[in-house]
Amino acid sequence: MSLIDIVAIEGYIQTTYMAVYPDKLLLLDSGCLCDVEHILTYITYKLERPAGHLKTVMVTHMHPDHAGGAELLKQKTGCQIVSAKSEKSWYQGISGRISHLNDLGLTYYVAHRQGKSIANIWYNPNLKVDIEVQDGDPIPNFADWMVLETPGHTDRDLSLWHAQTKQVYTADLILIIRDKFVSPYLITLPDAYRSSLDKVKSLQPALILLAHDKRAKICDKDFDRLIARAPKEPRKTSLKNVLSSAIVKFRFARKRVKTP
């Protein structure tokens, strides 16, 4: 059955998109752990569907606002978790666990900047994926969507392309700041990042779905400007920023806890 709509659900620090079909639902990233109940409430009361209609949760990369709610959603709905094929965990080893804590801290920092109360966003850094996908694969249970490997922000980023409506979900590949398209701060693979932008540009999308904004129209000049201004060297979070984020997290944690 054909796509009815792609709805936007406001999450803790991000926008989570859900593709709605007559008899099933597809989630384009899981949001944070604290977003799970909000997503389920949206399904039950806004869409007036059983939670079991959620068949597939895509995880485009492992950051808290994209992967944090996946395992809890599976527990509550029986959905499949689908993500990129990779030989190792993104948060592998001691340095990986430090990065995981740092990313949690940065999530709290963004929430603080947005005026949000602290919420529970802890999740297992080693995601248990049901199905691994590669470039060009259809999304399981949703053959009208195609998986695109668009690394750069991390080494395993995915974008999700719906050819029939010419819409593409690009996760954190592209941000908007002050009404301008910009690259994310964290770019681990600069050359791959530019290639990923070029790949999405070649699709000539009518709309891009942004994880940290809404739907947006983008033209070739916007892509060219992003590619030209993309960093030539990796941009990684320093130990100083890790400690700063931890301090922000600690101070923020002293406030009253409210879980959406």
# chains A, B, ... in the order shown; residues from 1 in each chain; ligands from 1
>>> select_by_dssp(residues="region 40-194 of chain A", states="helix (DSSP H, G or I)", output="ChimeraX atom specification")
/A:40-46,51-53,64-67,70-77,93-113,190-194
>>> select_by_dssp(residues="region 92-232 of chain A", states="strand (DSSP E)", output="MDAnalysis selection string")
chainID A and resid 131:133 138:139 142:149 158:162 167:171 175:177 180:182 207:210 215:216
>>> closest_atom_pairs(of="region 143-235 of chain A", to="region 51-70 of chain A", cutoff="7 Å", atoms="only C-alpha atoms", output="CSV")
residue,atom,partner,partner_atom,distance
A:Arg156,CA,A:His61,CA,6.3
A:Asp157,CA,A:His61,CA,5.2
A:Leu158,CA,A:Thr60,CA,4.6
A:Ser159,CA,A:Thr60,CA,6.8
A:Ala171,CA,A:Thr60,CA,6.8
>>> atom_distance(atom1="CA of Leu40 (chain A)", atom2="CA of Pro22 (chain A)")
17.1 Å
>>> residues_around(residues="Ile4 (chain A)", least_positions_apart="6", cutoff="10 Å", atoms="only C-alpha atoms", output="list of chain:residue names")
A:Ala19, A:Val20, A:Tyr21, A:Pro22
>>> closest_residue(among="A:Asp179, A:Glu48, A:Asp135, A:Asp213", to="Thr15 (chain A)", atoms="only C-alpha atoms")
A:Asp213
>>> atom_distance(atom1="CA of Ile9 (chain A)", atom2="CA of Thr188 (chain A)")
28.3 Å
>>> residues_around(residues="Lys201 (chain A)", least_positions_apart="6", cutoff="12 Å", atoms="only C-alpha atoms", output="list of chain:residue names")
A:Thr150, A:Trp161, A:Lys166, A:Gln167, A:Val168, A:Thr170, A:Leu173, A:Ile174, A:Arg194, A:Ser195, A:Leu207, A:Ile208, A:Lys217, A:Ile218, A:Cys219, A:Asp220, A:Lys221, A:Asp222, A:Phe223, A:Asp224, A:Arg225, A:Leu226, A:Ile227
>>> write_last_selection(atoms="N, CA, C and O atoms", output="tab-separated table (two decimals), in the first residue's frame")
chain	number	residue	atom	x	y	z
A	150	THR	N	25.70	7.50	3.58
A	150	THR	CA	26.18	8.89	3.48
A	150	THR	C	27.10	9.21	4.65
A	150	THR	O	26.81	10.07	5.48
A	161	TRP	N	15.84	7.56	1.19
A	161	TRP	CA	15.32	8.19	-0.01
A	161	TRP	C	13.98	7.59	-0.41
A	161	TRP	O	13.86	6.37	-0.54
A	166	LYS	N	10.15	12.09	-3.96
A	166	LYS	CA	11.41	12.83	-4.07
A	166	LYS	C	11.76	13.54	-2.76
A	166	LYS	O	12.20	14.70	-2.74
A	167	GLN	N	11.56	12.82	-1.66
A	167	GLN	CA	11.95	13.33	-0.35
A	167	GLN	C	13.08	12.46	0.20
A	167	GLN	O	13.07	11.25	0.03
A	168	VAL	N	14.01	13.10	0.88
A	168	VAL	CA	15.12	12.38	1.45
A	168	VAL	C	15.34	12.84	2.89
A	168	VAL	O	15.38	14.04	3.18
A	170	THR	N	17.93	13.16	5.71
A	170	THR	CA	19.39	13.22	5.72
A	170	THR	C	19.99	13.20	7.13
A	170	THR	O	21.20	13.38	7.28
A	173	LEU	N	23.37	15.01	8.26
A	173	LEU	CA	24.26	15.36	7.15
A	173	LEU	C	24.25	16.86	6.90
A	173	LEU	O	25.29	17.46	6.59
A	174	ILE	N	23.08	17.49	7.06
A	174	ILE	CA	22.92	18.91	6.79
A	174	ILE	C	22.13	19.54	7.94
A	174	ILE	O	21.14	18.98	8.41
A	194	ARG	N	31.95	15.05	1.82
A	194	ARG	CA	31.71	15.77	0.56
A	194	ARG	C	31.10	14.85	-0.48
A	194	ARG	O	30.19	15.24	-1.23
A	195	SER	N	31.56	13.62	-0.53
A	195	SER	CA	30.99	12.65	-1.47
A	195	SER	C	29.52	12.35	-1.14
A	195	SER	O	28.69	12.18	-2.04
A	207	LEU	N	12.41	17.78	-1.52
A	207	LEU	CA	12.48	18.20	-0.12
A	207	LEU	C	13.51	17.35	0.61
A	207	LEU	O	13.67	16.17	0.33
A	208	ILE	N	14.21	17.99	1.55
A	208	ILE	CA	15.04	17.23	2.48
A	208	ILE	C	14.40	17.33	3.86
A	208	ILE	O	13.86	18.37	4.24
A	217	LYS	N	13.53	23.02	1.21
A	217	LYS	CA	13.92	22.91	-0.19
A	217	LYS	C	15.39	23.29	-0.30
A	217	LYS	O	15.85	24.21	0.37
A	218	ILE	N	16.10	22.58	-1.16
A	218	ILE	CA	17.53	22.84	-1.32
A	218	ILE	C	17.87	22.74	-2.81
A	218	ILE	O	17.36	21.88	-3.52
A	219	CYS	N	18.71	23.65	-3.25
A	219	CYS	CA	19.06	23.69	-4.68
A	219	CYS	C	20.52	23.29	-4.87
A	219	CYS	O	21.27	23.12	-3.91
A	220	ASP	N	20.92	23.16	-6.14
A	220	ASP	CA	22.30	22.77	-6.45
A	220	ASP	C	23.32	23.75	-5.87
A	220	ASP	O	24.38	23.34	-5.39
A	221	LYS	N	22.99	25.03	-5.88
A	221	LYS	CA	23.93	26.03	-5.35
A	221	LYS	C	24.14	25.83	-3.86
A	221	LYS	O	25.26	26.02	-3.35
A	222	ASP	N	23.08	25.44	-3.15
A	222	ASP	CA	23.22	25.16	-1.71
A	222	ASP	C	24.16	23.97	-1.49
A	222	ASP	O	25.03	24.02	-0.60
A	223	PHE	N	23.98	22.92	-2.28
A	223	PHE	CA	24.87	21.76	-2.17
A	223	PHE	C	26.31	22.15	-2.50
A	223	PHE	O	27.25	21.77	-1.80
A	224	ASP	N	26.48	22.90	-3.57
A	224	ASP	CA	27.83	23.30	-3.98
A	224	ASP	C	28.51	24.13	-2.90
A	224	ASP	O	29.72	23.98	-2.65
A	225	ARG	N	27.74	25.00	-2.27
A	225	ARG	CA	28.30	25.83	-1.20
A	225	ARG	C	28.70	24.97	0.00
A	225	ARG	O	29.76	25.17	0.60
A	226	LEU	N	27.86	24.00	0.35
A	226	LEU	CA	28.18	23.09	1.45
A	226	LEU	C	29.45	22.30	1.16
A	226	LEU	O	30.32	22.14	2.03
A	227	ILE	N	29.55	21.79	-0.06
A	227	ILE	CA	30.72	21.00	-0.45
A	227	ILE	C	31.98	21.85	-0.41
A	227	ILE	O	33.03	21.42	0.09
>>> closest_residue(among="A:Leu210, A:Ala228, A:Ala143, A:Ile121", to="Asp198 (chain A)", atoms="only C-alpha atoms")
A:Ala228
